[in-house]
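Participant: Just dropping this structure here.
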Amino acid sequence: MSLATDPRWSEALGHLPDYLGNHVRVSVAALALGLAVSLPLAIISRNRPVLRGALLGLASIVQTVPGLALLALFYPLLLALAALTAAWFGVSFSAFGFLPAVLALALYSMLPVLRNTITGLSGVDPGVLEAAQGVGMTPRQSLTMVELPLALPVMMAGIRTAAVWVIGTATLSTPIGQTSLGNYIFAGLQTQNWVFVLFGCIAAAVLALVVDQLLALIENGLRSRSRLRTALGGLGIAALIAATLVPALGRSHARYVVGAKTFAEQYVLSALLAQRLQAAGLPATTRAGLGSSVIYEALASGDIDVYVDYSGTLWANQFHRTDIRPRAELLGELKTRLAQQNIDLLGELGFENAYALVMPRKRAEELGIHTIADLVSRAPTMSIAGDYEFFSRPEWAGVQKTYGLSFRAQRQMQPDFMYAAVASGEVDVIAGYTSDGLIAKYDLVVLEDNKHAIPPYDAIVLLSPKRHDDEALKTALRPLLGKIDIAAMREANLRASGNDASSSPDAVARWLWEKVGR
């Protein structure tokens, strides 16, 4: 099948109004906020060297912070602020999605606007300022009627740069719950849907180029004093914003929001939960690609209604426990702790997705390695790869302590890429997942954790506090409980790693329900 006839292009186009509209709205809001803050600060500091240096220095420091990190930092900060405002004033707000994205992106936009505005105002000919003063203009009149008009073309160049930066960085807002063109990229990387990745990259690049050219038209109009060019550029920007607002105004909002983390299994499971709710007549949508800590807080605060998590993840990440409990005891303790936060543990899906050390089957057999204990003597000459959070998790510390493991090198990789890396010999061992179908695809083997250093990782369905008494929701989801075994989930994950239309999360979720919904 050629790319031109691949049905995944049609699927990608189907998401475009939603993803593009949200991307434009968050970008415009962030840029507007950045301008509202940066322009007054630049004007105030133009004749104050100390303040000017401090502002430019702070804005430059912000640029050194990776975009994803800056976006992620705003979520817990706003969450804490929302809790304080609720306690003190009885008023709260959502710290999920739009607001943290706008604030972080606004900070990113400040440096080019500050720098160009200060440069433009400083570049005004002193003779012109003296002439303005000579004809009796006040400082305010000189600023508004002389300095700003002369500096405007330079300022517009800074605004163009800021707009391109904001549009590009907005693709990273998906993990904090803001829908954007980044949804294509994150989903595509996790499910190996390269059509989605390509489509998302092209759409973001085209949007940035279109906005840059419209702003360039305004800039050229200001330089040449052409009202027509300035008006055309302004109308183009207004038309772009209006085009993204119309679908949003006409769209009915789903009653239920199903969350998902940033790996293929979660995309499939969230699609499955949403399909089951829709089949029961409950309007539902998915919010996928969320960070591991963000998704739990989003559930606790009611920004999402339901998602699938794993008992070991909650035990280690949310409750900061490193002790290993038997499965039944751990699930009972989790249910009690979650209930204290009014989060409902509806039940287990029936399979476990645990961390596990994984090797190529052939090499493991050649070296006589069947368990983690067998690996200990070989580890100092080997390299290991894990996902972005594994080596900072308590499970890794527990494995090292229990077995005395010490590898020659540690590498962090995109989860799906790890399997190809270990199969090709680029690394010797990976921290994989027991339910991943790529284990079979690449002929890998899971090393037995014979000392039980890794806790159980049963897949469990969690409901937000506001859905605690929602019997319709529970009734729709209960038929899934206990139905999905490890074999079914591995096959579903393997299907999701394909490269055709049948590998989309929705298609795999429908297949999974047909297999287990008996």
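Chain lettering (A, B, ...) mirrors the order of the structure tokens, residue numbering begins at 1 for each chain separately, and ligand numbering begins at 1 in order of display.
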For Asp428 in chain A, please output as a count of residues only all residues within 8 Å (counting only C-alpha atoms; exclusion window: fewer than 6 positions along the same chain).
Facilitator: 5
Participant: Name the residues in contact with Thr191 in chain A at a cut-off of 8 Å, using only C-alpha atoms, excluding same-chain residues fewer than 5 positions from it; report them as an NGL selection string.
Facilitator: :A and (263-264 or 496-498 or 503-505)
Participant: When distances are computed from only C-alpha atoms, which of A:Leu20, A:Val294, A:Ala379, A:Leu269 shows the smallest separation from Ala205 in chain A?
Facilitator: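 Looking at the shortest contact to Ala205 in chain A, the residue is A:Leu20.
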Participant: Which is closer to Tyr267 in chain A than all the others in A:Tyr296, A:Tyr19, A:Tyr433, A:Phe186, using only C-alpha atoms?
Facilitator: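 Distance minimum relative to Tyr267 in chain A lands on A:Phe186.
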Participant: From the list A:Arg229, A:Arg223, A:Thr475, A:Pro394, which residue is nearest Gly281 in chain A when using only C-alpha atoms?
Facilitator: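 Answer, going by the shortest atom-to-atom distance: A:Thr475.
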Participant: Please provide as an MDAnalysis selection string all residues within 12 Å of Asp416 in chain A, with the sequence filter that same-chain residues fewer than 6 positions apart are discarded (counting only C-alpha atoms).
Facilitator: chainID A and resid 187:193 262:265 385:388 422:423 430:433 436:439 441:442 493:494 496:498
Participant: For the residues in that selection, give me C-alpha atoms as a PDB file, in the first residue's frame.
Facilitator:
```
ATOM      1  CA  ALA A 187       0.382   8.983  19.324  1.00  0.00           C
ATOM      2  CA  GLY A 188       2.319   8.169  16.175  1.00  0.00           C
ATOM      3  CA  LEU A 189       5.585   7.568  18.022  1.00  0.00           C
ATOM      4  CA  GLN A 190       3.946   5.322  20.604  1.00  0.00           C
ATOM      5  CA  THR A 191       1.941   3.234  18.136  1.00  0.00           C
ATOM      6  CA  GLN A 192       4.560   3.365  15.339  1.00  0.00           C
ATOM      7  CA  ASN A 193       2.034   5.147  13.124  1.00  0.00           C
ATOM      8  CA  THR A 262       2.173   7.852  26.760  1.00  0.00           C
ATOM      9  CA  PHE A 263       2.550   4.299  25.449  1.00  0.00           C
ATOM     10  CA  ALA A 264       0.722   2.135  22.917  1.00  0.00           C
ATOM     11  CA  GLU A 265      -1.122  -0.118  25.379  1.00  0.00           C
ATOM     12  CA  ALA A 385      18.219   0.608  28.346  1.00  0.00           C
ATOM     13  CA  GLY A 386      15.020   1.770  30.008  1.00  0.00           C
ATOM     14  CA  ASP A 387      12.229   4.234  29.371  1.00  0.00           C
ATOM     15  CA  TYR A 388      12.549   7.855  30.439  1.00  0.00           C
ATOM     16  CA  VAL A 422      18.118  -4.888  22.145  1.00  0.00           C
ATOM     17  CA  ALA A 423      17.186  -7.158  19.233  1.00  0.00           C
ATOM     18  CA  ILE A 430      16.190  -3.585  28.392  1.00  0.00           C
ATOM     19  CA  ALA A 431      13.640  -2.823  31.073  1.00  0.00           C
ATOM     20  CA  GLY A 432      10.600  -3.883  29.077  1.00  0.00           C
ATOM     21  CA  TYR A 433       6.971  -4.597  29.938  1.00  0.00           C
ATOM     22  CA  ASP A 436       4.249  -5.962  25.339  1.00  0.00           C
ATOM     23  CA  GLY A 437       3.698  -7.829  22.080  1.00  0.00           C
ATOM     24  CA  LEU A 438       7.090  -6.632  20.811  1.00  0.00           C
ATOM     25  CA  ILE A 439       8.689  -9.290  23.036  1.00  0.00           C
ATOM     26  CA  LYS A 441       7.877  -9.875  17.583  1.00  0.00           C
ATOM     27  CA  TYR A 442      11.629  -9.599  18.228  1.00  0.00           C
ATOM     28  CA  ASN A 493      -0.056  -4.595  21.646  1.00  0.00           C
ATOM     29  CA  LEU A 494       1.533  -6.462  18.739  1.00  0.00           C
ATOM     30  CA  ALA A 496      -0.909  -1.795  17.648  1.00  0.00           C
ATOM     31  CA  SER A 497       2.754  -1.862  16.583  1.00  0.00           C
ATOM     32  CA  GLY A 498       1.787  -2.560  12.951  1.00  0.00           C
TER      33      GLY A 498
END
```
Participant: Using only C-alpha atoms, which of the listed residues (A:Leu105, A:Val306, A:Leu84, A:Leu114) sits closest to Ser45 in chain A?
Facilitator: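 Counting only C-alpha atoms, the residue closest to Ser45 in chain A is A:Leu114.
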Participant: Which parts of range 106-286 of chain A does DSSP call alpha helix (DSSP H) when run on the backbone here, written out as JSON, numbers by chain?
Facilitator: {"A": [106, 107, 108, 109, 110, 111, 112, 113, 114, 115, 116, 117, 118, 119, 120, 121, 122, 126, 127, 128, 129, 130, 131, 132, 133, 134, 139, 140, 141, 142, 148, 149, 150, 151, 152, 153, 154, 155, 156, 157, 158, 159, 160, 161, 162, 163, 164, 165, 166, 167, 168, 169, 182, 183, 184, 185, 186, 187, 188, 189, 190, 191, 194, 195, 196, 197, 198, 199, 200, 201, 202, 203, 204, 205, 206, 207, 208, 209, 210, 211, 212, 213, 214, 215, 216, 217, 218, 219, 220, 221, 222, 223, 224, 227, 228, 229, 230, 231, 232, 233, 234, 235, 236, 237, 238, 239, 240, 241, 242, 243, 244, 245, 246, 247, 248, 249, 250, 264, 265, 266, 267, 268, 269, 270, 271, 272, 273, 274, 275, 276, 277, 278, 279]}
Participant: Do you have the CA of Glu348 in chain A-CA of Ser293 in chain A distance handy?
Facilitator: 20.4 Å
Participant: DSSP on the backbone: what in range 417-478 of chain A comes out strand (DSSP E), as JSON, numbers by chain?
Facilitator: {"A": [429, 430, 431, 432, 433, 444, 445, 446, 458, 459, 460, 461, 462, 463]}
Participant: Give me, as a PyMOL selection string, all polymer residues having an atom no more than 12 Å from Leu172 in chain A, counting only C-alpha atoms and skipping those fewer than 5 positions away in the same chain.
Facilitator: chain A and resi 23+26-27+66-72+97+100-102+104-105+165-167+177-186+200-201+204+289-291
